[in-house]
$ cat target.cif   # mmCIF, C-alpha atoms
data_input
loop_
_atom_site.label_atom_id
_atom_site.label_comp_id
_atom_site.auth_asym_id
_atom_site.auth_seq_id
_atom_site.Cartn_x
_atom_site.Cartn_y
_atom_site.Cartn_z
CA MET A 220 -167.50 -100.23 -54.29
CA SER A 221 -164.97 -99.75 -51.54
CA LEU A 222 -162.83 -96.70 -51.79
CA VAL A 223 -159.20 -97.59 -52.33
CA ILE A 224 -156.57 -94.87 -52.38
CA SER A 225 -153.28 -96.30 -53.55
CA LEU A 226 -150.11 -94.42 -52.72
CA PRO A 227 -146.97 -94.18 -54.83
CA ALA A 228 -144.26 -96.63 -53.71
CA TRP A 229 -141.92 -93.82 -52.62
CA LEU A 230 -144.61 -92.39 -50.32
CA GLU A 231 -145.26 -95.82 -48.82
CA LEU A 232 -141.53 -96.13 -48.17
CA ALA A 233 -141.43 -92.69 -46.54
CA ASN A 234 -144.34 -93.71 -44.35
CA ARG A 235 -142.57 -96.87 -43.20
CA ARG A 236 -139.50 -94.98 -41.99
CA THR A 237 -138.90 -94.43 -38.29
CA ILE A 238 -137.73 -90.83 -38.04
CA THR A 239 -137.69 -88.37 -35.17
CA PHE A 240 -137.15 -84.75 -36.14
CA ALA A 241 -135.00 -82.34 -34.13
CA ASP A 242 -137.38 -79.40 -34.49
CA ASP A 243 -140.02 -77.82 -36.75
CA SER A 244 -137.47 -76.78 -39.37
CA ASP A 245 -136.05 -80.30 -39.55
CA ALA A 246 -139.57 -81.72 -40.03
CA MET A 247 -140.34 -79.05 -42.65
CA GLN A 248 -137.21 -80.01 -44.61
CA PHE A 249 -138.54 -83.58 -44.78
CA VAL A 250 -141.99 -82.35 -45.85
CA LEU A 251 -140.50 -80.09 -48.53
CA SER A 252 -138.44 -83.01 -49.87
CA LEU A 253 -141.71 -84.95 -50.30
CA ALA A 254 -143.34 -81.98 -52.08
CA GLN A 255 -140.40 -81.90 -54.49
CA ARG A 256 -140.57 -85.68 -54.96
CA ASN A 257 -144.29 -85.37 -55.71
CA ILE A 258 -143.66 -82.76 -58.42
CA ASP A 259 -141.06 -85.06 -60.00
CA ASP A 260 -143.78 -87.77 -59.99
CA GLY A 261 -146.37 -85.56 -61.72
CA GLY A 262 -148.20 -84.55 -58.54
CA GLY A 263 -148.99 -81.20 -56.95
CA PRO A 264 -146.35 -79.14 -55.11
CA PHE A 265 -147.70 -79.83 -51.63
CA ALA A 266 -146.81 -82.24 -48.81
CA ALA A 267 -147.68 -82.64 -45.14
CA ALA A 268 -146.84 -84.87 -42.19
CA VAL A 269 -148.32 -85.74 -38.81
CA LEU A 270 -145.81 -85.98 -35.94
CA SER A 271 -146.15 -87.21 -32.37
CA ALA A 272 -145.41 -84.89 -29.43
CA SER A 273 -141.82 -86.18 -29.41
CA GLY A 274 -141.38 -85.30 -33.11
CA THR A 275 -141.66 -88.83 -34.49
CA LEU A 276 -143.22 -89.26 -37.93
CA ILE A 277 -146.67 -90.86 -37.76
CA ALA A 278 -147.76 -90.39 -41.39
CA ALA A 279 -146.90 -88.32 -44.43
CA GLY A 280 -149.13 -87.26 -47.32
CA VAL A 281 -148.75 -85.45 -50.62
CA ASN A 282 -151.22 -83.86 -53.01
CA ARG A 283 -152.75 -86.67 -55.12
CA VAL A 284 -155.70 -84.71 -56.57
CA VAL A 285 -154.90 -85.21 -60.24
CA SER A 286 -152.92 -88.45 -59.97
CA ALA A 287 -155.57 -90.24 -57.87
CA GLY A 288 -158.56 -88.41 -59.39
CA SER A 289 -159.88 -87.13 -56.06
CA SER A 290 -160.29 -83.47 -55.17
CA VAL A 291 -160.26 -84.40 -51.47
CA LEU A 292 -156.69 -85.67 -51.59
CA HIS A 293 -154.81 -82.57 -50.57
CA ALA A 294 -151.58 -83.38 -48.75
CA GLU A 295 -153.00 -82.47 -45.33
CA MET A 296 -156.12 -84.62 -45.80
CA LEU A 297 -154.08 -87.66 -46.84
CA ALA A 298 -151.64 -87.20 -43.94
CA LEU A 299 -154.54 -86.91 -41.47
CA MET A 300 -156.34 -89.96 -42.86
CA LEU A 301 -153.16 -92.07 -42.82
CA ALA A 302 -152.30 -90.92 -39.27
CA GLN A 303 -155.80 -91.81 -38.05
CA GLN A 304 -155.58 -95.20 -39.77
CA ARG A 305 -152.25 -95.83 -38.03
CA ILE A 306 -153.41 -94.60 -34.59
CA GLY A 307 -156.74 -96.37 -35.01
CA ASN A 308 -158.95 -93.48 -34.00
CA HIS A 309 -160.72 -90.63 -35.81
CA ASP A 310 -159.68 -88.29 -32.97
CA LEU A 311 -155.90 -88.05 -32.67
CA SER A 312 -156.18 -86.06 -29.44
CA THR A 313 -157.22 -89.25 -27.66
CA ALA A 314 -153.72 -90.64 -28.30
CA GLY A 315 -151.57 -87.58 -27.55
CA CYS A 316 -150.62 -84.15 -28.81
CA PHE A 317 -150.02 -84.39 -32.55
CA THR A 318 -148.62 -81.77 -34.93
CA LEU A 319 -149.49 -81.29 -38.60
CA VAL A 320 -146.54 -79.93 -40.58
CA THR A 321 -147.63 -78.63 -43.99
CA SER A 322 -145.62 -77.16 -46.84
CA CYS A 323 -148.29 -74.48 -47.34
CA ALA A 324 -150.97 -72.95 -45.11
CA PRO A 325 -154.20 -74.99 -45.34
CA CYS A 326 -156.92 -74.18 -47.88
CA ALA A 327 -160.55 -73.78 -46.76
CA MET A 328 -161.23 -77.56 -46.87
CA CYS A 329 -158.08 -78.58 -44.96
CA LEU A 330 -158.61 -75.75 -42.48
CA GLY A 331 -162.10 -77.11 -41.79
CA ALA A 332 -160.70 -80.63 -41.41
CA ILE A 333 -158.06 -79.76 -38.79
CA PRO A 334 -160.33 -79.30 -35.75
CA TRP A 335 -162.19 -82.57 -36.51
CA SER A 336 -158.89 -84.51 -36.64
CA GLY A 337 -157.73 -83.91 -33.08
CA ILE A 338 -154.51 -82.23 -34.28
CA GLN A 339 -153.30 -79.76 -31.63
CA ARG A 340 -150.55 -77.89 -33.45
CA VAL A 341 -150.12 -76.77 -37.08
CA VAL A 342 -146.78 -75.75 -38.62
CA CYS A 343 -146.93 -74.00 -42.02
CA GLY A 344 -144.22 -73.29 -44.62
CA ALA A 345 -145.55 -71.08 -47.43
CA ARG A 346 -148.48 -68.74 -46.81
CA GLY A 347 -151.83 -69.06 -48.54
CA GLU A 348 -151.07 -65.95 -50.56
CA ASP A 349 -147.87 -67.57 -51.83
CA ALA A 350 -149.96 -70.39 -53.35
CA GLU A 351 -152.47 -67.89 -54.73
CA ARG A 352 -149.68 -65.84 -56.27
CA ILE A 353 -148.78 -68.78 -58.53
CA GLY A 354 -152.46 -69.41 -59.38
CA PHE A 355 -153.83 -71.87 -56.80
CA ASP A 356 -157.20 -71.12 -55.17
CA GLU A 357 -157.21 -71.25 -51.35
CA GLY A 358 -161.00 -71.16 -51.10
CA ASP A 359 -163.23 -69.09 -48.85
CA LYS A 360 -161.60 -69.19 -45.43
CA PRO A 361 -163.12 -67.44 -42.44
CA ASP A 362 -161.55 -64.09 -41.66
CA ARG A 363 -158.68 -64.51 -39.21
CA TRP A 364 -158.44 -68.29 -39.73
CA ARG A 365 -155.44 -68.51 -37.43
CA GLN A 366 -157.43 -67.07 -34.52
CA CYS A 367 -160.26 -69.52 -35.29
CA LEU A 368 -157.85 -72.43 -34.75
CA GLU A 369 -156.30 -70.83 -31.67
CA ALA A 370 -159.77 -70.33 -30.17
CA ARG A 371 -160.02 -74.13 -30.40
CA ARG A 372 -156.67 -74.45 -28.59
CA ILE A 373 -154.84 -75.43 -31.76
CA GLN A 374 -151.44 -73.71 -31.92
CA VAL A 375 -150.27 -72.31 -35.25
CA GLU A 376 -146.68 -71.62 -36.39
CA GLU A 377 -146.28 -69.81 -39.71
CA ASP A 378 -143.36 -69.07 -42.06
CA VAL A 379 -141.23 -72.09 -41.12
CA CYS A 380 -138.71 -72.39 -44.00
CA ARG A 381 -141.08 -70.16 -45.98
CA GLU A 382 -138.49 -69.14 -48.60
CA GLN A 383 -137.71 -72.73 -49.47
CA ALA A 384 -141.42 -73.60 -49.51
CA VAL A 385 -142.13 -70.72 -51.90
CA ALA A 386 -139.22 -71.76 -54.13
CA ILE A 387 -140.87 -75.18 -54.60
CA LEU A 388 -144.18 -73.55 -55.58
CA GLN A 389 -142.37 -71.32 -58.06
CA ALA A 390 -140.43 -74.24 -59.53
CA TYR A 391 -143.75 -76.07 -60.04
CA GLN A 392 -145.24 -73.04 -61.77
CA GLY A 393 -142.14 -72.72 -63.94
CA LEU A 394 -142.71 -76.23 -65.27
CA GLY A 395 -146.14 -75.19 -66.63
CA ASN A 396 -147.93 -77.77 -64.44
CA PRO A 397 -151.71 -77.74 -63.82
CA LEU A 398 -153.20 -75.37 -61.23
CA TYR A 399 -156.44 -76.27 -59.47
CA MET B 237 -149.82 -98.43 -46.40
CA SER B 238 -152.56 -97.83 -48.93
CA LEU B 239 -155.66 -96.19 -47.61
CA VAL B 240 -158.65 -98.50 -47.77
CA ILE B 241 -162.08 -97.24 -46.83
CA SER B 242 -164.49 -100.13 -46.65
CA LEU B 243 -168.18 -99.40 -46.90
CA PRO B 244 -170.99 -101.26 -45.17
CA ALA B 245 -172.69 -103.82 -47.43
CA TRP B 246 -175.99 -101.91 -47.42
CA LEU B 247 -174.24 -98.75 -48.67
CA GLU B 248 -172.49 -100.70 -51.42
CA LEU B 249 -175.88 -102.09 -52.46
CA ALA B 250 -177.39 -98.58 -52.48
CA ASN B 251 -174.50 -97.41 -54.64
CA ARG B 252 -175.07 -100.21 -57.17
CA ARG B 253 -178.71 -99.27 -57.72
CA THR B 254 -179.78 -97.47 -60.88
CA ILE B 255 -182.22 -94.81 -59.68
CA THR B 256 -183.41 -91.57 -61.23
CA PHE B 257 -185.16 -89.20 -58.87
CA ALA B 258 -188.21 -87.16 -59.86
CA ASP B 259 -187.06 -83.99 -58.08
CA ASP B 260 -185.01 -82.65 -55.15
CA SER B 261 -187.54 -83.86 -52.56
CA ASP B 262 -187.53 -87.36 -54.01
CA ALA B 263 -183.71 -87.44 -53.88
CA MET B 264 -183.76 -86.06 -50.34
CA GLN B 265 -186.12 -88.85 -49.23
CA PHE B 266 -183.56 -91.37 -50.47
CA VAL B 267 -180.73 -89.53 -48.69
CA LEU B 268 -182.71 -89.35 -45.44
CA SER B 269 -183.42 -93.09 -45.64
CA LEU B 270 -179.64 -93.67 -45.79
CA ALA B 271 -179.08 -91.36 -42.80
CA GLN B 272 -181.63 -93.41 -40.83
CA ARG B 273 -180.03 -96.68 -41.99
CA ASN B 274 -176.64 -95.36 -40.87
CA ILE B 275 -177.97 -94.58 -37.39
CA ASP B 276 -179.37 -98.10 -37.15
CA ASP B 277 -175.86 -99.34 -38.08
CA GLY B 278 -174.13 -97.30 -35.35
CA GLY B 279 -173.11 -94.41 -37.63
CA GLY B 280 -173.74 -90.67 -37.57
CA PRO B 281 -177.12 -89.18 -38.61
CA PHE B 282 -175.89 -87.77 -41.92
CA ALA B 283 -176.06 -88.90 -45.56
CA ALA B 284 -175.44 -87.37 -48.97
CA ALA B 285 -175.63 -88.27 -52.65
CA VAL B 286 -174.24 -87.01 -55.93
CA LEU B 287 -176.71 -86.95 -58.84
CA SER B 288 -176.24 -86.31 -62.55
CA ALA B 289 -178.03 -83.42 -64.29
CA SER B 290 -180.89 -85.81 -65.15
CA GLY B 291 -181.30 -86.82 -61.50
CA THR B 292 -179.62 -90.22 -61.72
CA LEU B 293 -177.72 -91.45 -58.67
CA ILE B 294 -173.96 -91.42 -59.19
CA ALA B 295 -172.82 -92.15 -55.62
CA ALA B 296 -174.11 -92.05 -52.07
CA GLY B 297 -172.19 -91.58 -48.83
CA VAL B 298 -172.93 -91.62 -45.12
CA ASN B 299 -171.02 -90.40 -42.08
CA ARG B 300 -168.39 -93.05 -41.23
CA VAL B 301 -166.26 -90.95 -38.85
CA VAL B 302 -166.50 -93.21 -35.82
CA SER B 303 -167.16 -96.50 -37.61
CA ALA B 304 -164.22 -96.13 -40.04
CA GLY B 305 -162.01 -94.15 -37.64
CA SER B 306 -161.54 -91.19 -39.98
CA SER B 307 -162.59 -87.63 -39.20
CA VAL B 308 -162.59 -86.84 -42.93
CA LEU B 309 -165.43 -89.26 -43.66
CA HIS B 310 -168.40 -86.96 -43.43
CA ALA B 311 -171.24 -88.06 -45.69
CA GLU B 312 -170.57 -85.35 -48.27
CA MET B 313 -166.84 -86.17 -48.49
CA LEU B 314 -167.51 -89.88 -49.01
CA ALA B 315 -170.18 -89.16 -51.64
CA LEU B 316 -167.83 -86.81 -53.51
CA MET B 317 -164.90 -89.27 -53.38
CA LEU B 318 -167.07 -92.17 -54.59
CA ALA B 319 -168.59 -90.04 -57.37
CA GLN B 320 -165.14 -88.94 -58.55
CA GLN B 321 -163.93 -92.57 -58.46
CA ARG B 322 -166.93 -93.58 -60.58
CA ILE B 323 -166.60 -90.69 -63.06
CA GLY B 324 -162.82 -91.11 -63.16
CA ASN B 325 -161.95 -87.45 -62.65
CA HIS B 326 -161.21 -85.21 -59.68
CA ASP B 327 -163.28 -82.45 -61.31
CA LEU B 328 -166.90 -83.52 -61.81
CA SER B 329 -167.64 -80.39 -63.85
CA THR B 330 -165.64 -81.91 -66.72
CA ALA B 331 -168.33 -84.62 -67.04
CA GLY B 332 -171.52 -82.58 -66.60
CA CYS B 333 -173.55 -80.62 -64.09
CA PHE B 334 -173.70 -82.63 -60.86
CA THR B 335 -175.76 -81.98 -57.73
CA LEU B 336 -174.81 -82.81 -54.14
CA VAL B 337 -177.87 -83.61 -52.02
CA THR B 338 -177.06 -83.58 -48.31
CA SER B 339 -179.22 -84.31 -45.28
CA CYS B 340 -177.70 -81.32 -43.48
CA ALA B 341 -175.96 -78.12 -44.60
CA PRO B 342 -172.20 -78.72 -44.99
CA CYS B 343 -169.76 -78.12 -42.12
CA ALA B 344 -166.65 -75.96 -42.66
CA MET B 345 -164.63 -78.89 -44.10
CA CYS B 346 -167.32 -80.08 -46.52
CA LEU B 347 -168.09 -76.51 -47.52
CA GLY B 348 -164.42 -76.05 -48.41
CA ALA B 349 -164.45 -79.32 -50.37
CA ILE B 350 -167.43 -78.46 -52.59
CA PRO B 351 -165.76 -75.94 -54.96
CA TRP B 352 -162.78 -78.30 -55.48
CA SER B 353 -165.10 -81.16 -56.47
CA GLY B 354 -166.68 -79.58 -59.53
CA ILE B 355 -170.19 -79.90 -58.01
CA GLN B 356 -172.46 -77.20 -59.44
CA ARG B 357 -175.54 -77.45 -57.24
CA VAL B 358 -176.04 -78.20 -53.54
CA VAL B 359 -179.36 -79.24 -52.00
CA CYS B 360 -179.58 -79.18 -48.19
CA GLY B 361 -182.13 -80.69 -45.78
CA ALA B 362 -181.48 -79.56 -42.19
CA ARG B 363 -179.67 -76.29 -41.51
CA GLY B 364 -176.31 -76.05 -39.80
CA GLU B 365 -178.00 -74.59 -36.72
CA ASP B 366 -180.25 -77.66 -36.53
CA ALA B 367 -177.14 -79.86 -36.19
CA GLU B 368 -175.62 -77.45 -33.67
CA ARG B 369 -178.83 -77.44 -31.64
CA ILE B 370 -178.37 -81.16 -30.92
CA GLY B 371 -174.68 -80.68 -30.11
CA PHE B 372 -172.71 -81.12 -33.36
CA ASP B 373 -170.04 -78.56 -34.23
CA GLU B 374 -170.29 -77.05 -37.73
CA GLY B 375 -166.84 -75.46 -37.58
CA ASP B 376 -165.75 -71.97 -38.55
CA LYS B 377 -167.50 -71.22 -41.83
CA PRO B 378 -167.00 -67.94 -43.65
CA ASP B 379 -169.76 -65.42 -43.07
CA ARG B 380 -172.48 -65.80 -45.69
CA TRP B 381 -171.24 -69.21 -46.86
CA ARG B 382 -174.14 -69.56 -49.29
CA GLN B 383 -173.09 -66.39 -51.13
CA CYS B 384 -169.50 -67.69 -51.23
CA LEU B 385 -170.69 -70.76 -53.15
CA GLU B 386 -172.99 -68.71 -55.39
CA ALA B 387 -170.09 -66.37 -56.23
CA ARG B 388 -168.41 -69.52 -57.61
CA ARG B 389 -171.56 -70.27 -59.66
CA ILE B 390 -172.62 -73.10 -57.37
CA GLN B 391 -176.39 -72.98 -56.79
CA VAL B 392 -177.71 -73.68 -53.29
CA GLU B 393 -181.18 -74.91 -52.29
CA GLU B 394 -181.94 -74.96 -48.57
CA ASP B 395 -184.71 -76.44 -46.38
CA VAL B 396 -185.62 -79.33 -48.68
CA CYS B 397 -187.61 -81.72 -46.41
CA ARG B 398 -186.06 -79.84 -43.48
CA GLU B 399 -188.61 -81.06 -40.90
CA GLN B 400 -187.93 -84.70 -41.70
CA ALA B 401 -184.18 -84.06 -41.74
CA VAL B 402 -184.38 -82.42 -38.30
CA ALA B 403 -186.50 -85.30 -36.98
CA ILE B 404 -183.67 -87.71 -37.86
CA LEU B 405 -181.13 -85.56 -35.99
CA GLN B 406 -183.42 -85.43 -32.97
CA ALA B 407 -184.00 -89.19 -33.04
CA TYR B 408 -180.21 -89.70 -33.08
CA GLN B 409 -179.81 -87.36 -30.10
CA GLY B 410 -182.61 -89.17 -28.27
CA LEU B 411 -180.65 -92.44 -28.50
CA GLY B 412 -177.75 -90.88 -26.57
CA ASN B 413 -175.33 -91.42 -29.46
CA PRO B 414 -171.89 -89.73 -29.69
CA LEU B 415 -171.63 -86.13 -30.90
CA TYR B 416 -168.47 -84.90 -32.61
#
$ encode --input "target.cif" --output "structure tokens"
Amino acid sequence: MSLVISLPAWLELANRRTITFADDSDAMQFVLSLAQRNIDDGGGPFAAAVLSASGTLIAAGVNRVVSAGSSVLHAEMLALMLAQQRIGNHDLSTAGCFTLVTSCAPCAMCLGAIPWSGIQRVVCGARGEDAERIGFDEGDKPDRWRQCLEARRIQVEEDVCREQAVAILQAYQGLGNPLY
Amino acid sequence: MSLVISLPAWLELANRRTITFADDSDAMQFVLSLAQRNIDDGGGPFAAAVLSASGTLIAAGVNRVVSAGSSVLHAEMLALMLAQQRIGNHDLSTAGCFTLVTSCAPCAMCLGAIPWSGIQRVVCGARGEDAERIGFDEGDKPDRWRQCLEARRIQVEEDVCREQAVAILQAYQGLGNPLY
């Protein structure tokens, strides 16, 4: 009864690539392309990636909740788990300053997971209210969640390529796909 | 680059057992025995189990953060993922009314994960402040987290075998084990 989470072939390929991004927007473009690819594959409209301090891709994840039958498998959680598997430590901060780039601000679960992961910087595309506007539930976050992360010395950048990120959410909604 | 989470043999054996518990205390005794077994195996002092409405064990998890190198693998998260794998759906509520029994009140991440899982009842041993008293961080939970769950029609029972649950945390601390 081991737990095996199989990834789609295209995500495995993306994870094997050696890419260094020029800046946050460049990394977000890559993440948004994975969110779009995931929709095309029947998945949720969310993607995330962990980058090293120099902007190199460590691991990318997408929302596999319905396709893998696991409510834990939000894009951020999968990206964090894959990054930790690759780095070989549950605490990424032991190996450097890593950034989590996510197509949408984290829900309550992913927000709670970020401090435990050793991530030191979070870059968000769409806002939580953008996801809620199309019918997703963001959960019960603490008030002023951004300040909660910053109090733990985790930097937060919001609204990076937000318009494009919102357009992907709206396209997903337009297809009549499941909301959860 | 699939994600493979291997479980210790004793946890796999526990998961293969067919057990129906008499009541919450009986189930908590089982969960606390797994927490103790996990300490003896070099793991964290936390365990959890998912039960069916009739009290039958569906899946059990323990804290594998350090041993499996994944900050996501709190006991509750592993129990939920294994239960969903067994039931074959990311939403347990589609298959009945399931209970999560946990040796300690959920941290911010696990708290965020509970509504997404379809769990409809949560039974806690130690309180969050008991874990914090020995040095664990519970994260930034929303104020009145219990009411947040209840507003989502998730029942919460606290302080089930709390003294025994606290004794396990204290024994772990006494051994000089890592806190995270």
$ closest_residue --input "target.cif" --among "B:Arg300, B:Arg398, B:Arg389, B:Arg369" --to "chain A" --atoms "all atoms listed in the file"
B:Arg300
$ axis_aligned_box --input "target.cif" --around "region 265-270 of chain B" --padding-each-side "8 Å" --output "lines of an AutoDock Vina configuration file"
center_x = -182.9
center_y = -91.3
center_z = -48.0
size_x = 22.5
size_y = 20.8
size_z = 21.0
$ atom_distance --input "target.cif" --atom1 "CA of Asp310 (chain A)" --atom2 "CA of Ser336 (chain A)"
5.3 Å
$ interface_residues --input "target.cif" --of "chain B" --to "chain A" --cutoff "7 Å" --atoms "all atoms listed in the file" --output "PDB file with C-alpha atoms, in the frame of the given file"
ATOM      1  CA  MET B 237    -149.820 -98.430 -46.400  1.00  0.00           C
ATOM      2  CA  SER B 238    -152.560 -97.830 -48.930  1.00  0.00           C
ATOM      3  CA  LEU B 239    -155.660 -96.190 -47.610  1.00  0.00           C
ATOM      4  CA  VAL B 240    -158.650 -98.500 -47.770  1.00  0.00           C
ATOM      5  CA  ILE B 241    -162.080 -97.240 -46.830  1.00  0.00           C
ATOM      6  CA  SER B 242    -164.490-100.130 -46.650  1.00  0.00           C
ATOM      7  CA  LEU B 243    -168.180 -99.400 -46.900  1.00  0.00           C
ATOM      8  CA  GLU B 248    -172.490-100.700 -51.420  1.00  0.00           C
ATOM      9  CA  VAL B 301    -166.260 -90.950 -38.850  1.00  0.00           C
ATOM     10  CA  VAL B 302    -166.500 -93.210 -35.820  1.00  0.00           C
ATOM     11  CA  GLY B 305    -162.010 -94.150 -37.640  1.00  0.00           C
ATOM     12  CA  SER B 306    -161.540 -91.190 -39.980  1.00  0.00           C
ATOM     13  CA  SER B 307    -162.590 -87.630 -39.200  1.00  0.00           C
ATOM     14  CA  VAL B 308    -162.590 -86.840 -42.930  1.00  0.00           C
ATOM     15  CA  MET B 317    -164.900 -89.270 -53.380  1.00  0.00           C
ATOM     16  CA  LEU B 318    -167.070 -92.170 -54.590  1.00  0.00           C
ATOM     17  CA  GLN B 320    -165.140 -88.940 -58.550  1.00  0.00           C
ATOM     18  CA  GLN B 321    -163.930 -92.570 -58.460  1.00  0.00           C
ATOM     19  CA  GLY B 324    -162.820 -91.110 -63.160  1.00  0.00           C
ATOM     20  CA  ASN B 325    -161.950 -87.450 -62.650  1.00  0.00           C
ATOM     21  CA  HIS B 326    -161.210 -85.210 -59.680  1.00  0.00           C
ATOM     22  CA  ASP B 327    -163.280 -82.450 -61.310  1.00  0.00           C
ATOM     23  CA  ALA B 344    -166.650 -75.960 -42.660  1.00  0.00           C
ATOM     24  CA  MET B 345    -164.630 -78.890 -44.100  1.00  0.00           C
ATOM     25  CA  CYS B 346    -167.320 -80.080 -46.520  1.00  0.00           C
ATOM     26  CA  LEU B 347    -168.090 -76.510 -47.520  1.00  0.00           C
ATOM     27  CA  GLY B 348    -164.420 -76.050 -48.410  1.00  0.00           C
ATOM     28  CA  ALA B 349    -164.450 -79.320 -50.370  1.00  0.00           C
ATOM     29  CA  TRP B 352    -162.780 -78.300 -55.480  1.00  0.00           C
ATOM     30  CA  SER B 353    -165.100 -81.160 -56.470  1.00  0.00           C
ATOM     31  CA  GLY B 375    -166.840 -75.460 -37.580  1.00  0.00           C
ATOM     32  CA  ASP B 376    -165.750 -71.970 -38.550  1.00  0.00           C
ATOM     33  CA  LYS B 377    -167.500 -71.220 -41.830  1.00  0.00           C
ATOM     34  CA  PRO B 378    -167.000 -67.940 -43.650  1.00  0.00           C
ATOM     35  CA  ASP B 379    -169.760 -65.420 -43.070  1.00  0.00           C
ATOM     36  CA  CYS B 384    -169.500 -67.690 -51.230  1.00  0.00           C
TER      37      CYS B 384
END
$ closest_residue --input "target.cif" --among "B:Thr330, B:Ala289, B:Ile255, B:Val396" --to "Gly361 (chain B)" --atoms "all atoms listed in the file"
B:Val396
$ resolve_selection --input "target.cif" --expression "the PyMOL selection byres ((chain A and resi 349) around 12)" --output "ChimeraX atom specification"
/A:322-326,343-348,350-357,378,381-389,392
$ build_atoms --input "target.cif" --residues "region 390-405 of chain B" --atoms "N, CA and C atoms" --output "PDB file, in the frame of the given file"
ATOM      1  N   ILE B 390    -172.064 -71.860 -57.922  1.00  0.00           N
ATOM      2  CA  ILE B 390    -172.620 -73.100 -57.370  1.00  0.00           C
ATOM      3  C   ILE B 390    -173.967 -72.726 -56.736  1.00  0.00           C
ATOM      4  N   GLN B 391    -175.046 -73.276 -57.308  1.00  0.00           N
ATOM      5  CA  GLN B 391    -176.390 -72.980 -56.790  1.00  0.00           C
ATOM      6  C   GLN B 391    -176.627 -73.690 -55.466  1.00  0.00           C
ATOM      7  N   VAL B 392    -177.392 -73.081 -54.592  1.00  0.00           N
ATOM      8  CA  VAL B 392    -177.710 -73.680 -53.290  1.00  0.00           C
ATOM      9  C   VAL B 392    -179.216 -73.665 -53.070  1.00  0.00           C
ATOM     10  N   GLU B 393    -179.765 -74.827 -52.703  1.00  0.00           N
ATOM     11  CA  GLU B 393    -181.180 -74.910 -52.290  1.00  0.00           C
ATOM     12  C   GLU B 393    -181.179 -75.343 -50.827  1.00  0.00           C
ATOM     13  N   GLU B 394    -181.885 -74.599 -49.990  1.00  0.00           N
ATOM     14  CA  GLU B 394    -181.940 -74.960 -48.570  1.00  0.00           C
ATOM     15  C   GLU B 394    -183.346 -75.426 -48.189  1.00  0.00           C
ATOM     16  N   ASP B 395    -183.431 -76.082 -47.013  1.00  0.00           N
ATOM     17  CA  ASP B 395    -184.710 -76.440 -46.380  1.00  0.00           C
ATOM     18  C   ASP B 395    -185.529 -77.440 -47.186  1.00  0.00           C
ATOM     19  N   VAL B 396    -184.881 -78.294 -47.958  1.00  0.00           N
ATOM     20  CA  VAL B 396    -185.620 -79.330 -48.680  1.00  0.00           C
ATOM     21  C   VAL B 396    -185.913 -80.483 -47.710  1.00  0.00           C
ATOM     22  N   CYS B 397    -187.187 -80.704 -47.417  1.00  0.00           N
ATOM     23  CA  CYS B 397    -187.610 -81.720 -46.410  1.00  0.00           C
ATOM     24  C   CYS B 397    -186.931 -81.459 -45.071  1.00  0.00           C
ATOM     25  N   ARG B 398    -186.800 -80.174 -44.707  1.00  0.00           N
ATOM     26  CA  ARG B 398    -186.060 -79.840 -43.480  1.00  0.00           C
ATOM     27  C   ARG B 398    -186.662 -80.494 -42.231  1.00  0.00           C
ATOM     28  N   GLU B 399    -187.993 -80.499 -42.130  1.00  0.00           N
ATOM     29  CA  GLU B 399    -188.610 -81.060 -40.900  1.00  0.00           C
ATOM     30  C   GLU B 399    -188.242 -82.525 -40.715  1.00  0.00           C
ATOM     31  N   GLN B 400    -188.284 -83.286 -41.802  1.00  0.00           N
ATOM     32  CA  GLN B 400    -187.930 -84.700 -41.700  1.00  0.00           C
ATOM     33  C   GLN B 400    -186.440 -84.868 -41.384  1.00  0.00           C
ATOM     34  N   ALA B 401    -185.625 -83.998 -41.978  1.00  0.00           N
ATOM     35  CA  ALA B 401    -184.180 -84.060 -41.740  1.00  0.00           C
ATOM     36  C   ALA B 401    -183.874 -83.749 -40.261  1.00  0.00           C
ATOM     37  N   VAL B 402    -184.577 -82.771 -39.708  1.00  0.00           N
ATOM     38  CA  VAL B 402    -184.380 -82.420 -38.300  1.00  0.00           C
ATOM     39  C   VAL B 402    -184.858 -83.561 -37.403  1.00  0.00           C
ATOM     40  N   ALA B 403    -185.966 -84.198 -37.791  1.00  0.00           N
ATOM     41  CA  ALA B 403    -186.500 -85.300 -36.980  1.00  0.00           C
ATOM     42  C   ALA B 403    -185.473 -86.429 -36.853  1.00  0.00           C
ATOM     43  N   ILE B 404    -184.702 -86.668 -37.905  1.00  0.00           N
ATOM     44  CA  ILE B 404    -183.670 -87.710 -37.860  1.00  0.00           C
ATOM     45  C   ILE B 404    -182.554 -87.313 -36.898  1.00  0.00           C
ATOM     46  N   LEU B 405    -182.154 -86.035 -36.934  1.00  0.00           N
ATOM     47  CA  LEU B 405    -181.130 -85.560 -35.990  1.00  0.00           C
ATOM     48  C   LEU B 405    -181.618 -85.714 -34.550  1.00  0.00           C
TER      49      LEU B 405
END
